[in-house]
Amino acid sequence: MESRGEATVHDISSIRAKSGTNQEGTSAHNRRVMIEALRLNGALSRADLARATQLTKQAVSNIVEDLERDGLVVALDAVRKGRGQPFTPYRLVPEGAFAIGLQIDRHLTRVVVVDLVGKVIARAEAGLPLDEPSPGVQTILGLVADVRRELVGISAQFERRLVGLGVAMPGPFGLKDSDDKWMMPAWQQFPLLETLAAGTGLNVGLQNDAAACATAERIVGAAHGVDHAVCLYVGYGIAAGLILNGELYNGGNGNAGEIGRALLSPAGPGSTPLEHRASLASLYQHLGLDPTESGLYETLGALALAQDPRVTSWVERAASDLRWSVHLIETIFDPQTVILTSSAPEALARLLLQAMHPLLPSIADRPVRRLPRLQLGSTDPWAIAVGAAAEPISRAFDPRFSAILKAG
């Protein structure tokens with residue numbers, strides 16, 4: 001399925017991996033541990049995998065053979081290091097699994113397909129009628145069908161290796177008062193997941209857009225290999241994706257990280273949620289721009305590059321609120337880093353990042369740090385769809401405590 005190639009020799013101390021367990025009945029967890037180790041580090045030998053995961057050499061050999069047989073890993077050419085015996089590295093087969101990701105926003109939808117290592121291999125987008133989920137979902141199903149037909153023509157095993165459909169849209173979900181237009185109430189009340197599952201025949205999962213953005217950062221971005229990170233997402237609204245102990249944390253109802261709903265003044269008639277002041281929606285309103293306008297991304301990028309006074313004045317105000325958000329995130333979650341992600345053009349996101357400094361004092365203001373307190377992540381408008389697609393891959397292959405429970 002995959003040709004042999006070159007491999008990198010790893011220093012075992014630099015290999016990132018979770019520990020497996022040599023107890024009986026935990027093979028599902030151990031398979032996930034091995035797959036994650038290969039995703040994080042690239043090609044590894046059986047000996048490297050055994051040392052990094054703390055599994056026995058026999059257990060590693062058995063799992064590698066199973067993964068090879070399932071088309072998930074492939075052996076590369078043997079490598080000789082010094083005078084020792086040559087060893088054979090193994091790496092993931094990108095075509096070993098595929099997933100579809102779907103972003104639903106107020107005015108548009110994006111669909112992507114990713115492979116096992118998170119590479120985008122197909123994409124499509126279309127406009128959506130505002131607050132009209134019935135015709136909107138038909139548009140979505142059409143896009144999904146289009147990319148599936150495209151991929152079947154590229155990979156004969158695509159459908160057999162398709163593990164699911166991940167959906168990302170603005171939250172919070174399931175609130176009693178869901179008439180707020182920021183929350184896409186018509187879509188919230190529509191049987192979306194059931195309709196998509198029936199229309200695609202796939203397992204469907206839902207997360208908010210910030211969680212999807214964090215998933216993308218964890219797989220292929222600034223949070224790759226970071227165990228504790230918070231992704232502060234600035235889009236039409238604002239939210240935070242939480243990566244805690246190497247896993248995405250969604251909360252009891254899928255609404256963890258909805259910091260955009262946080263009030264910037266004491267509750268009462270004058271209280272204002274963060275996202276009403278520092279989101280891109282507030283910028284559109286400030287500039288008098290229509291969020292459905294074609295070429296809006298390019299327009300904002302050009303204004304930011306020119307440092308248009310209207311943009312810089314908004315940036316200063318928004319940065320003040322977002323600076324407070326970083327302080328709050330650091331105080332509550334103690335992350336290794338906060339990653340600013342956005343659907344804004346990179347030039348605008350960089351202006352925002354610069355204006356947020358100096359950061360407010362917090363428990364994260366430590367003399368020795370490996371990572372910056374705040375750094376720029378993805379500004380790709382497709383990042384949410386990529387993260388949505390990565391979620392079914394994660395659900396199927398990442399090590400989780402639930403895998404141990406199911407195996408017992």
# chains A, B, ... in the order shown; residues from 1 in each chain; ligands from 1
>>> select_by_dssp(residues="stretch 128-240 of chain A", states="strand (DSSP E or B)", output="JSON, numbers by chain")
{"A": [162, 163, 164, 165, 166, 167, 168, 169, 204, 205, 206, 207, 208, 229, 230, 231, 232, 233, 234, 238, 239, 240]}
>>> write_last_selection(atoms="N, CA and C atoms", output="JSON list (two decimals), in the first residue's frame")
[["chain", "number", "residue", "atom", "x", "y", "z"],
["A", 162, "LEU", "N", -13.18, 5.10, 5.82],
["A", 162, "LEU", "CA", -13.77, 6.35, 6.30],
["A", 162, "LEU", "C", -14.34, 6.14, 7.70],
["A", 163, "VAL", "N", -13.77, 6.82, 8.71],
["A", 163, "VAL", "CA", -14.13, 6.52, 10.10],
["A", 163, "VAL", "C", -15.25, 7.40, 10.66],
["A", 164, "GLY", "N", -15.64, 8.47, 9.97],
["A", 164, "GLY", "CA", -16.74, 9.27, 10.51],
["A", 164, "GLY", "C", -16.77, 10.68, 9.97],
["A", 165, "LEU", "N", -17.76, 11.40, 10.44],
["A", 165, "LEU", "CA", -17.98, 12.81, 10.08],
["A", 165, "LEU", "C", -17.97, 13.64, 11.35],
["A", 166, "GLY", "N", -17.08, 14.63, 11.41],
["A", 166, "GLY", "CA", -17.03, 15.55, 12.54],
["A", 166, "GLY", "C", -17.65, 16.88, 12.16],
["A", 167, "VAL", "N", -18.47, 17.42, 13.04],
["A", 167, "VAL", "CA", -19.17, 18.69, 12.78],
["A", 167, "VAL", "C", -18.73, 19.72, 13.81],
["A", 168, "ALA", "N", -18.46, 20.92, 13.35],
["A", 168, "ALA", "CA", -18.14, 22.03, 14.26],
["A", 168, "ALA", "C", -19.02, 23.21, 13.91],
["A", 169, "MET", "N", -19.58, 23.84, 14.94],
["A", 169, "MET", "CA", -20.39, 25.03, 14.75],
["A", 169, "MET", "C", -20.35, 25.86, 16.03],
["A", 204, "VAL", "N", -21.58, 10.50, 13.37],
["A", 204, "VAL", "CA", -21.45, 11.96, 13.37],
["A", 204, "VAL", "C", -21.22, 12.44, 14.80],
["A", 205, "GLY", "N", -20.21, 13.32, 14.97],
["A", 205, "GLY", "CA", -19.93, 13.94, 16.27],
["A", 205, "GLY", "C", -19.97, 15.45, 16.14],
["A", 206, "LEU", "N", -20.26, 16.13, 17.24],
["A", 206, "LEU", "CA", -20.39, 17.59, 17.24],
["A", 206, "LEU", "C", -19.49, 18.20, 18.30],
["A", 207, "GLN", "N", -18.84, 19.31, 17.95],
["A", 207, "GLN", "CA", -18.10, 20.10, 18.91],
["A", 207, "GLN", "C", -18.21, 21.57, 18.52],
["A", 208, "ASN", "N", -17.90, 22.48, 19.46],
["A", 208, "ASN", "CA", -17.95, 23.88, 19.09],
["A", 208, "ASN", "C", -16.73, 24.25, 18.26],
["A", 229, "ALA", "N", -2.57, 23.16, 26.83],
["A", 229, "ALA", "CA", -2.64, 24.37, 26.02],
["A", 229, "ALA", "C", -4.09, 24.82, 25.90],
["A", 230, "VAL", "N", -4.27, 26.11, 25.77],
["A", 230, "VAL", "CA", -5.61, 26.67, 25.54],
["A", 230, "VAL", "C", -5.54, 27.50, 24.27],
["A", 231, "CYS", "N", -6.44, 27.20, 23.34],
["A", 231, "CYS", "CA", -6.51, 27.93, 22.08],
["A", 231, "CYS", "C", -7.63, 28.96, 22.17],
["A", 232, "LEU", "N", -7.27, 30.24, 22.16],
["A", 232, "LEU", "CA", -8.24, 31.32, 22.22],
["A", 232, "LEU", "C", -8.64, 31.66, 20.79],
["A", 233, "TYR", "N", -9.86, 31.30, 20.43],
["A", 233, "TYR", "CA", -10.31, 31.46, 19.05],
["A", 233, "TYR", "C", -11.12, 32.74, 18.88],
["A", 234, "VAL", "N", -10.68, 33.59, 17.96],
["A", 234, "VAL", "CA", -11.38, 34.84, 17.65],
["A", 234, "VAL", "C", -11.92, 34.72, 16.23],
["A", 238, "ILE", "N", -16.28, 34.35, 19.98],
["A", 238, "ILE", "CA", -15.03, 34.06, 20.68],
["A", 238, "ILE", "C", -15.25, 32.86, 21.60],
["A", 239, "ALA", "N", -14.29, 31.95, 21.62],
["A", 239, "ALA", "CA", -14.34, 30.81, 22.55],
["A", 239, "ALA", "C", -12.92, 30.28, 22.73],
["A", 240, "ALA", "N", -12.78, 29.35, 23.66],
["A", 240, "ALA", "CA", -11.47, 28.76, 23.94],
["A", 240, "ALA", "C", -11.56, 27.25, 23.84]]
>>> residues_around(residues="stretch 283-292 of chain A", least_positions_apart="6", cutoff="8 Å", atoms="only C-alpha atoms", output="PDB file with C-alpha atoms, in the first residue's frame")
ATOM      1  CA  HIS A 107     -23.348  32.316   6.445  1.00  0.00           C
ATOM      2  CA  ARG A 310     -10.418  52.141  11.676  1.00  0.00           C
ATOM      3  CA  VAL A 311      -8.873  48.695  12.023  1.00  0.00           C
ATOM      4  CA  TRP A 314     -10.721  48.368  16.897  1.00  0.00           C
TER       5      TRP A 314
END
>>> residues_around(residues="A:Ala389", least_positions_apart="5", cutoff="6 Å", atoms="only C-alpha atoms", output="VMD selection string")
chain A and resid 99 to 101 166
>>> write_last_selection(atoms="all heavy atoms", output="PDB file, in the first residue's frame")
ATOM      1  N   ALA A  99     -11.287  10.833   7.322  1.00  0.00           N
ATOM      2  CA  ALA A  99     -12.451  11.387   8.026  1.00  0.00           C
ATOM      3  C   ALA A  99     -12.885  12.659   7.312  1.00  0.00           C
ATOM      4  O   ALA A  99     -12.078  13.340   6.661  1.00  0.00           O
ATOM      5  CB  ALA A  99     -12.129  11.682   9.483  1.00  0.00           C
ATOM      6  N   ILE A 100     -14.157  12.974   7.459  1.00  0.00           N
ATOM      7  CA  ILE A 100     -14.722  14.185   6.866  1.00  0.00           C
ATOM      8  C   ILE A 100     -14.994  15.181   7.979  1.00  0.00           C
ATOM      9  O   ILE A 100     -15.510  14.814   9.044  1.00  0.00           O
ATOM     10  CB  ILE A 100     -16.018  13.882   6.098  1.00  0.00           C
ATOM     11  CG1 ILE A 100     -15.735  12.888   4.963  1.00  0.00           C
ATOM     12  CG2 ILE A 100     -16.636  15.161   5.531  1.00  0.00           C
ATOM     13  CD1 ILE A 100     -16.982  12.429   4.234  1.00  0.00           C
ATOM     14  N   GLY A 101     -14.648  16.435   7.738  1.00  0.00           N
ATOM     15  CA  GLY A 101     -14.927  17.508   8.691  1.00  0.00           C
ATOM     16  C   GLY A 101     -15.858  18.532   8.084  1.00  0.00           C
ATOM     17  O   GLY A 101     -15.745  18.875   6.901  1.00  0.00           O
ATOM     18  N   GLY A 166     -17.083  14.629  11.407  1.00  0.00           N
ATOM     19  CA  GLY A 166     -17.032  15.550  12.537  1.00  0.00           C
ATOM     20  C   GLY A 166     -17.650  16.879  12.156  1.00  0.00           C
ATOM     21  O   GLY A 166     -17.391  17.407  11.065  1.00  0.00           O
TER      22      GLY A 166
END
>>> residues_around(residues="A:Glu217", least_positions_apart="3", cutoff="12 Å", atoms="only C-alpha atoms", output="PyMOL selection string")
chain A and resi 118+210-214+220-227+229-233+241-243+246+248+338-342+375-380+383-388+390-391
>>> residues_around(residues="A:Gly71", least_positions_apart="6", cutoff="12 Å", atoms="only C-alpha atoms", output="PDB file with all heavy atoms, in the first residue's frame")
ATOM      1  N   MET A   1       0.829  -1.213   0.000  1.00  0.00           N
ATOM      2  CA  MET A   1       0.000   0.000   0.000  1.00  0.00           C
ATOM      3  C   MET A   1       0.855   1.251   0.000  1.00  0.00           C
ATOM      4  O   MET A   1       0.479   2.300  -0.475  1.00  0.00           O
ATOM      5  CB  MET A   1      -0.903  -0.017   1.233  1.00  0.00           C
ATOM      6  CG  MET A   1      -1.888   1.116   1.298  1.00  0.00           C
ATOM      7  SD  MET A   1      -3.011   0.859   2.663  1.00  0.00           S
ATOM      8  CE  MET A   1      -4.173   2.155   2.345  1.00  0.00           C
ATOM      9  N   GLU A   2       2.032   1.145   0.591  1.00  0.00           N
ATOM     10  CA  GLU A   2       2.903   2.312   0.743  1.00  0.00           C
ATOM     11  C   GLU A   2       4.333   1.884   0.473  1.00  0.00           C
ATOM     12  O   GLU A   2       4.776   0.823   0.918  1.00  0.00           O
ATOM     13  CB  GLU A   2       2.784   2.848   2.166  1.00  0.00           C
ATOM     14  CG  GLU A   2       3.415   4.186   2.397  1.00  0.00           C
ATOM     15  CD  GLU A   2       2.591   5.315   1.869  1.00  0.00           C
ATOM     16  OE1 GLU A   2       1.411   5.108   1.555  1.00  0.00           O
ATOM     17  OE2 GLU A   2       3.129   6.424   1.766  1.00  0.00           O
ATOM     18  N   VAL A  64       2.496  -4.101  16.338  1.00  0.00           N
ATOM     19  CA  VAL A  64       3.001  -3.647  15.038  1.00  0.00           C
ATOM     20  C   VAL A  64       2.521  -4.576  13.928  1.00  0.00           C
ATOM     21  O   VAL A  64       2.089  -4.122  12.853  1.00  0.00           O
ATOM     22  CB  VAL A  64       4.546  -3.560  15.057  1.00  0.00           C
ATOM     23  CG1 VAL A  64       5.093  -3.424  13.636  1.00  0.00           C
ATOM     24  CG2 VAL A  64       4.998  -2.371  15.892  1.00  0.00           C
ATOM     25  N   GLU A  65       2.576  -5.877  14.170  1.00  0.00           N
ATOM     26  CA  GLU A  65       2.101  -6.835  13.166  1.00  0.00           C
ATOM     27  C   GLU A  65       0.619  -6.642  12.880  1.00  0.00           C
ATOM     28  O   GLU A  65       0.189  -6.686  11.717  1.00  0.00           O
ATOM     29  CB  GLU A  65       2.379  -8.258  13.637  1.00  0.00           C
ATOM     30  CG  GLU A  65       3.859  -8.625  13.630  1.00  0.00           C
ATOM     31  CD  GLU A  65       4.132  -9.997  14.226  1.00  0.00           C
ATOM     32  OE1 GLU A  65       3.137 -10.700  14.535  1.00  0.00           O
ATOM     33  OE2 GLU A  65       5.314 -10.351  14.390  1.00  0.00           O
ATOM     34  N   TYR A  90       9.143   2.030  11.555  1.00  0.00           N
ATOM     35  CA  TYR A  90       7.766   1.940  11.063  1.00  0.00           C
ATOM     36  C   TYR A  90       7.144   3.336  11.112  1.00  0.00           C
ATOM     37  O   TYR A  90       7.449   4.128  11.996  1.00  0.00           O
ATOM     38  CB  TYR A  90       6.944   0.979  11.925  1.00  0.00           C
ATOM     39  CG  TYR A  90       7.418  -0.453  11.833  1.00  0.00           C
ATOM     40  CD1 TYR A  90       8.478  -0.897  12.616  1.00  0.00           C
ATOM     41  CD2 TYR A  90       6.815  -1.333  10.961  1.00  0.00           C
ATOM     42  CE1 TYR A  90       8.934  -2.200  12.522  1.00  0.00           C
ATOM     43  CE2 TYR A  90       7.256  -2.648  10.863  1.00  0.00           C
ATOM     44  CZ  TYR A  90       8.314  -3.069  11.642  1.00  0.00           C
ATOM     45  OH  TYR A  90       8.757  -4.366  11.542  1.00  0.00           O
ATOM     46  N   ARG A  91       6.275   3.596  10.175  1.00  0.00           N
ATOM     47  CA  ARG A  91       5.554   4.869  10.197  1.00  0.00           C
ATOM     48  C   ARG A  91       4.097   4.638   9.842  1.00  0.00           C
ATOM     49  O   ARG A  91       3.723   3.580   9.302  1.00  0.00           O
ATOM     50  CB  ARG A  91       6.179   5.883   9.246  1.00  0.00           C
ATOM     51  CG  ARG A  91       6.019   5.596   7.762  1.00  0.00           C
ATOM     52  CD  ARG A  91       6.512   6.801   6.959  1.00  0.00           C
ATOM     53  NE  ARG A  91       6.531   6.564   5.538  1.00  0.00           N
ATOM     54  CZ  ARG A  91       5.480   6.707   4.739  1.00  0.00           C
ATOM     55  NH1 ARG A  91       4.298   7.020   5.248  1.00  0.00           N
ATOM     56  NH2 ARG A  91       5.589   6.504   3.431  1.00  0.00           N
ATOM     57  N   LEU A  92       3.268   5.634  10.152  1.00  0.00           N
ATOM     58  CA  LEU A  92       1.853   5.537   9.822  1.00  0.00           C
ATOM     59  C   LEU A  92       1.647   5.597   8.311  1.00  0.00           C
ATOM     60  O   LEU A  92       2.380   6.285   7.592  1.00  0.00           O
ATOM     61  CB  LEU A  92       1.077   6.676  10.475  1.00  0.00           C
ATOM     62  CG  LEU A  92       0.970   6.672  12.001  1.00  0.00           C
ATOM     63  CD1 LEU A  92       0.180   7.880  12.472  1.00  0.00           C
ATOM     64  CD2 LEU A  92       0.312   5.384  12.489  1.00  0.00           C
ATOM     65  N   VAL A  93       0.642   4.909   7.842  1.00  0.00           N
ATOM     66  CA  VAL A  93       0.214   4.989   6.445  1.00  0.00           C
ATOM     67  C   VAL A  93      -0.875   6.056   6.368  1.00  0.00           C
ATOM     68  O   VAL A  93      -1.967   5.867   6.930  1.00  0.00           O
ATOM     69  CB  VAL A  93      -0.332   3.630   5.956  1.00  0.00           C
ATOM     70  CG1 VAL A  93      -0.843   3.746   4.524  1.00  0.00           C
ATOM     71  CG2 VAL A  93       0.733   2.561   6.057  1.00  0.00           C
ATOM     72  N   PRO A  94      -0.636   7.178   5.710  1.00  0.00           N
ATOM     73  CA  PRO A  94      -1.652   8.234   5.661  1.00  0.00           C
ATOM     74  C   PRO A  94      -3.007   7.742   5.161  1.00  0.00           C
ATOM     75  O   PRO A  94      -4.056   8.141   5.671  1.00  0.00           O
ATOM     76  CB  PRO A  94      -1.040   9.266   4.700  1.00  0.00           C
ATOM     77  CG  PRO A  94       0.435   9.066   4.833  1.00  0.00           C
ATOM     78  CD  PRO A  94       0.611   7.587   5.027  1.00  0.00           C
ATOM     79  N   GLU A  95      -2.978   6.831   4.176  1.00  0.00           N
ATOM     80  CA  GLU A  95      -4.230   6.319   3.609  1.00  0.00           C
ATOM     81  C   GLU A  95      -4.855   5.218   4.460  1.00  0.00           C
ATOM     82  O   GLU A  95      -5.813   4.580   4.036  1.00  0.00           O
ATOM     83  CB  GLU A  95      -3.979   5.783   2.186  1.00  0.00           C
ATOM     84  CG  GLU A  95      -3.475   6.824   1.208  1.00  0.00           C
ATOM     85  CD  GLU A  95      -1.959   7.020   1.279  1.00  0.00           C
ATOM     86  OE1 GLU A  95      -1.306   6.286   2.081  1.00  0.00           O
ATOM     87  OE2 GLU A  95      -1.435   7.887   0.569  1.00  0.00           O
ATOM     88  N   GLY A  96      -4.328   5.024   5.670  1.00  0.00           N
ATOM     89  CA  GLY A  96      -4.895   4.002   6.545  1.00  0.00           C
ATOM     90  C   GLY A  96      -6.268   4.359   7.079  1.00  0.00           C
ATOM     91  O   GLY A  96      -7.027   3.483   7.488  1.00  0.00           O
ATOM     92  N   ALA A  97      -6.578   5.645   7.104  1.00  0.00           N
ATOM     93  CA  ALA A  97      -7.902   6.078   7.572  1.00  0.00           C
ATOM     94  C   ALA A  97      -8.191   7.466   7.013  1.00  0.00           C
ATOM     95  O   ALA A  97      -7.277   8.243   6.726  1.00  0.00           O
ATOM     96  CB  ALA A  97      -7.969   6.099   9.096  1.00  0.00           C
ATOM     97  N   LEU A 116      -5.091   9.946   7.831  1.00  0.00           N
ATOM     98  CA  LEU A 116      -4.743   9.531   9.193  1.00  0.00           C
ATOM     99  C   LEU A 116      -3.766  10.479   9.878  1.00  0.00           C
ATOM    100  O   LEU A 116      -3.785  10.626  11.099  1.00  0.00           O
ATOM    101  CB  LEU A 116      -4.167   8.108   9.164  1.00  0.00           C
ATOM    102  CG  LEU A 116      -3.742   7.480  10.491  1.00  0.00           C
ATOM    103  CD1 LEU A 116      -4.914   7.439  11.480  1.00  0.00           C
ATOM    104  CD2 LEU A 116      -3.186   6.079  10.262  1.00  0.00           C
ATOM    105  N   GLN A 157     -10.010   2.332  -1.586  1.00  0.00           N
ATOM    106  CA  GLN A 157     -10.369   1.913  -0.236  1.00  0.00           C
ATOM    107  C   GLN A 157     -10.954   3.052   0.600  1.00  0.00           C
ATOM    108  O   GLN A 157     -11.142   2.887   1.806  1.00  0.00           O
ATOM    109  CB  GLN A 157      -9.132   1.353   0.473  1.00  0.00           C
ATOM    110  CG  GLN A 157      -8.537   0.127  -0.209  1.00  0.00           C
ATOM    111  CD  GLN A 157      -7.495  -0.542   0.668  1.00  0.00           C
ATOM    112  OE1 GLN A 157      -7.802  -0.992   1.772  1.00  0.00           O
ATOM    113  NE2 GLN A 157      -6.274  -0.600   0.204  1.00  0.00           N
ATOM    114  N   ARG A 160     -14.184   2.321   2.647  1.00  0.00           N
ATOM    115  CA  ARG A 160     -13.970   1.290   3.683  1.00  0.00           C
ATOM    116  C   ARG A 160     -13.180   1.836   4.853  1.00  0.00           C
ATOM    117  O   ARG A 160     -13.327   1.372   5.990  1.00  0.00           O
ATOM    118  CB  ARG A 160     -13.254   0.086   3.059  1.00  0.00           C
ATOM    119  CG  ARG A 160     -13.067  -1.078   4.011  1.00  0.00           C
ATOM    120  CD  ARG A 160     -12.565  -2.304   3.274  1.00  0.00           C
ATOM    121  NE  ARG A 160     -11.183  -2.138   2.821  1.00  0.00           N
ATOM    122  CZ  ARG A 160     -10.123  -2.400   3.580  1.00  0.00           C
ATOM    123  NH1 ARG A 160     -10.286  -2.776   4.850  1.00  0.00           N
ATOM    124  NH2 ARG A 160      -8.914  -2.270   3.097  1.00  0.00           N
ATOM    125  N   ARG A 161     -12.330   2.839   4.582  1.00  0.00           N
ATOM    126  CA  ARG A 161     -11.462   3.393   5.622  1.00  0.00           C
ATOM    127  C   ARG A 161     -11.960   4.737   6.158  1.00  0.00           C
ATOM    128  O   ARG A 161     -11.248   5.414   6.886  1.00  0.00           O
ATOM    129  CB  ARG A 161     -10.033   3.520   5.097  1.00  0.00           C
ATOM    130  CG  ARG A 161      -9.406   2.165   4.803  1.00  0.00           C
ATOM    131  CD  ARG A 161      -7.948   2.269   4.437  1.00  0.00           C
ATOM    132  NE  ARG A 161      -7.348   0.951   4.267  1.00  0.00           N
ATOM    133  CZ  ARG A 161      -6.844   0.205   5.252  1.00  0.00           C
ATOM    134  NH1 ARG A 161      -6.885   0.652   6.494  1.00  0.00           N
ATOM    135  NH2 ARG A 161      -6.314  -0.976   5.013  1.00  0.00           N
TER     136      ARG A 161
END
>>> residues_around(residues="A:Ile154", least_positions_apart="5", cutoff="10 Å", atoms="only C-alpha atoms", output="VMD selection string")
chain A and resid 121 148 to 149
>>> closest_atom_pairs(of="stretch 40-140 of chain A", to="stretch 32-35 of chain A", cutoff="12 Å", atoms="only C-alpha atoms", output="JSON lines")
{"residue": "A:Leu40", "atom": "CA", "partner": "A:Ile35", "partner_atom": "CA", "distance": 8.7}
{"residue": "A:Asn41", "atom": "CA", "partner": "A:Ile35", "partner_atom": "CA", "distance": 10.1}
{"residue": "A:Gly42", "atom": "CA", "partner": "A:Ile35", "partner_atom": "CA", "distance": 10.0}
{"residue": "A:Ala43", "atom": "CA", "partner": "A:Ile35", "partner_atom": "CA", "distance": 10.7}
{"residue": "A:Leu44", "atom": "CA", "partner": "A:Met34", "partner_atom": "CA", "distance": 9.9}
{"residue": "A:Ser45", "atom": "CA", "partner": "A:Met34", "partner_atom": "CA", "distance": 11.2}
{"residue": "A:Arg46", "atom": "CA", "partner": "A:Met34", "partner_atom": "CA", "distance": 10.0}
{"residue": "A:Asp48", "atom": "CA", "partner": "A:Met34", "partner_atom": "CA", "distance": 10.7}
{"residue": "A:Leu49", "atom": "CA", "partner": "A:Met34", "partner_atom": "CA", "distance": 7.1}
{"residue": "A:Ala50", "atom": "CA", "partner": "A:Met34", "partner_atom": "CA", "distance": 9.2}
{"residue": "A:Arg51", "atom": "CA", "partner": "A:Met34", "partner_atom": "CA", "distance": 11.4}
{"residue": "A:Ala52", "atom": "CA", "partner": "A:Met34", "partner_atom": "CA", "distance": 9.4}
{"residue": "A:Thr53", "atom": "CA", "partner": "A:Val33", "partner_atom": "CA", "distance": 7.2}
{"residue": "A:Gln54", "atom": "CA", "partner": "A:Val33", "partner_atom": "CA", "distance": 10.4}
{"residue": "A:Leu55", "atom": "CA", "partner": "A:Met34", "partner_atom": "CA", "distance": 9.7}
{"residue": "A:Ala59", "atom": "CA", "partner": "A:Met34", "partner_atom": "CA", "distance": 10.7}
{"residue": "A:Val60", "atom": "CA", "partner": "A:Met34", "partner_atom": "CA", "distance": 8.2}
{"residue": "A:Ser61", "atom": "CA", "partner": "A:Met34", "partner_atom": "CA", "distance": 10.9}
{"residue": "A:Asn62", "atom": "CA", "partner": "A:Met34", "partner_atom": "CA", "distance": 11.4}
{"residue": "A:Ile63", "atom": "CA", "partner": "A:Met34", "partner_atom": "CA", "distance": 8.1}
{"residue": "A:Val64", "atom": "CA", "partner": "A:Met34", "partner_atom": "CA", "distance": 8.3}
{"residue": "A:Glu65", "atom": "CA", "partner": "A:Met34", "partner_atom": "CA", "distance": 11.9}
{"residue": "A:Asp66", "atom": "CA", "partner": "A:Met34", "partner_atom": "CA", "distance": 11.4}
{"residue": "A:Leu67", "atom": "CA", "partner": "A:Ile35", "partner_atom": "CA", "distance": 8.7}
{"residue": "A:Glu68", "atom": "CA", "partner": "A:Ile35", "partner_atom": "CA", "distance": 11.4}
{"residue": "A:Leu72", "atom": "CA", "partner": "A:Ile35", "partner_atom": "CA", "distance": 8.4}
{"residue": "A:Val73", "atom": "CA", "partner": "A:Ile35", "partner_atom": "CA", "distance": 8.4}
{"residue": "A:Val74", "atom": "CA", "partner": "A:Ile35", "partner_atom": "CA", "distance": 11.8}
{"residue": "A:Tyr90", "atom": "CA", "partner": "A:Ile35", "partner_atom": "CA", "distance": 10.5}
{"residue": "A:Arg91", "atom": "CA", "partner": "A:Ile35", "partner_atom": "CA", "distance": 8.9}
{"residue": "A:Leu92", "atom": "CA", "partner": "A:Ile35", "partner_atom": "CA", "distance": 7.3}
{"residue": "A:Val93", "atom": "CA", "partner": "A:Ile35", "partner_atom": "CA", "distance": 10.4}
{"residue": "A:Pro94", "atom": "CA", "partner": "A:Ile35", "partner_atom": "CA", "distance": 11.6}
{"residue": "A:Gly96", "atom": "CA", "partner": "A:Ile35", "partner_atom": "CA", "distance": 11.2}
{"residue": "A:Ala97", "atom": "CA", "partner": "A:Ile35", "partner_atom": "CA", "distance": 11.9}
{"residue": "A:Leu116", "atom": "CA", "partner": "A:Ile35", "partner_atom": "CA", "distance": 9.8}
{"residue": "A:Val117", "atom": "CA", "partner": "A:Ile35", "partner_atom": "CA", "distance": 10.1}
>>> closest_residue(among="A:Asp365, A:Glu346, A:Asp398, A:Glu258", to="A:Pro381", atoms="only C-alpha atoms")
A:Glu346
>>> closest_residue(among="A:Arg261, A:Arg277, A:Lys119, A:His228", to="A:Tyr249", atoms="only C-alpha atoms")
A:His228
>>> closest_residue(among="A:Arg218, A:His357, A:Arg106, A:Lys57", to="A:Trp187", atoms="only C-alpha atoms")
A:Arg106
>>> atom_distance(atom1="atom CA of A:Leu351", atom2="atom CA of A:Thr312")
7.9 Å
>>> residues_around(residues="A:Thr331", least_positions_apart="3", cutoff="10 Å", atoms="only C-alpha atoms", output="MDAnalysis selection string")
chainID A and resid 325:328 334:335 361:364
>>> write_last_selection(atoms="C-alpha atoms", output="short mmCIF file (atom, residue, chain, number, x, y, z; two decimals), in the first residue's frame")
data_model
loop_
_atom_site.label_atom_id
_atom_site.label_comp_id
_atom_site.auth_asym_id
_atom_site.auth_seq_id
_atom_site.Cartn_x
_atom_site.Cartn_y
_atom_site.Cartn_z
CA SER A 325 -9.11 36.79 28.67
CA VAL A 326 -5.56 35.44 28.60
CA HIS A 327 -5.11 36.41 32.25
CA LEU A 328 -8.33 34.58 33.15
CA ASP A 334 -2.34 27.01 34.18
CA PRO A 335 -1.54 26.02 30.56
CA PRO A 361 0.68 39.64 35.39
CA SER A 362 -0.54 36.14 36.21
CA ILE A 363 0.62 32.83 37.65
CA ALA A 364 2.01 32.05 34.17
#
>>> closest_residue(among="A:Leu371, A:Leu175, A:Leu296, A:Val144", to="A:Thr337", atoms="only C-alpha atoms")
A:Leu371
>>> decode(residues="stretch 156-162 of chain A", atoms="N, CA and C atoms", output="mmCIF file, in the first residue's frame")
data_model
loop_
_atom_site.group_PDB
_atom_site.id
_atom_site.type_symbol
_atom_site.label_atom_id
_atom_site.label_comp_id
_atom_site.auth_asym_id
_atom_site.auth_seq_id
_atom_site.Cartn_x
_atom_site.Cartn_y
_atom_site.Cartn_z
ATOM 1 N N ALA A 156 -9.349 3.607 -3.927
ATOM 2 C CA ALA A 156 -10.371 2.564 -4.003
ATOM 3 C C ALA A 156 -10.851 2.138 -2.623
ATOM 4 N N GLN A 157 -10.010 2.332 -1.586
ATOM 5 C CA GLN A 157 -10.369 1.913 -0.236
ATOM 6 C C GLN A 157 -10.954 3.052 0.600
ATOM 7 N N PHE A 158 -11.222 4.202 -0.019
ATOM 8 C CA PHE A 158 -11.650 5.375 0.742
ATOM 9 C C PHE A 158 -12.873 5.088 1.602
ATOM 10 N N GLU A 159 -13.931 4.571 1.020
ATOM 11 C CA GLU A 159 -15.167 4.374 1.781
ATOM 12 C C GLU A 159 -14.970 3.363 2.902
ATOM 13 N N ARG A 160 -14.184 2.321 2.647
ATOM 14 C CA ARG A 160 -13.970 1.290 3.683
ATOM 15 C C ARG A 160 -13.180 1.836 4.853
ATOM 16 N N ARG A 161 -12.330 2.839 4.582
ATOM 17 C CA ARG A 161 -11.462 3.393 5.622
ATOM 18 C C ARG A 161 -11.960 4.737 6.158
ATOM 19 N N LEU A 162 -13.175 5.101 5.821
ATOM 20 C CA LEU A 162 -13.768 6.349 6.298
ATOM 21 C C LEU A 162 -14.337 6.135 7.696
#
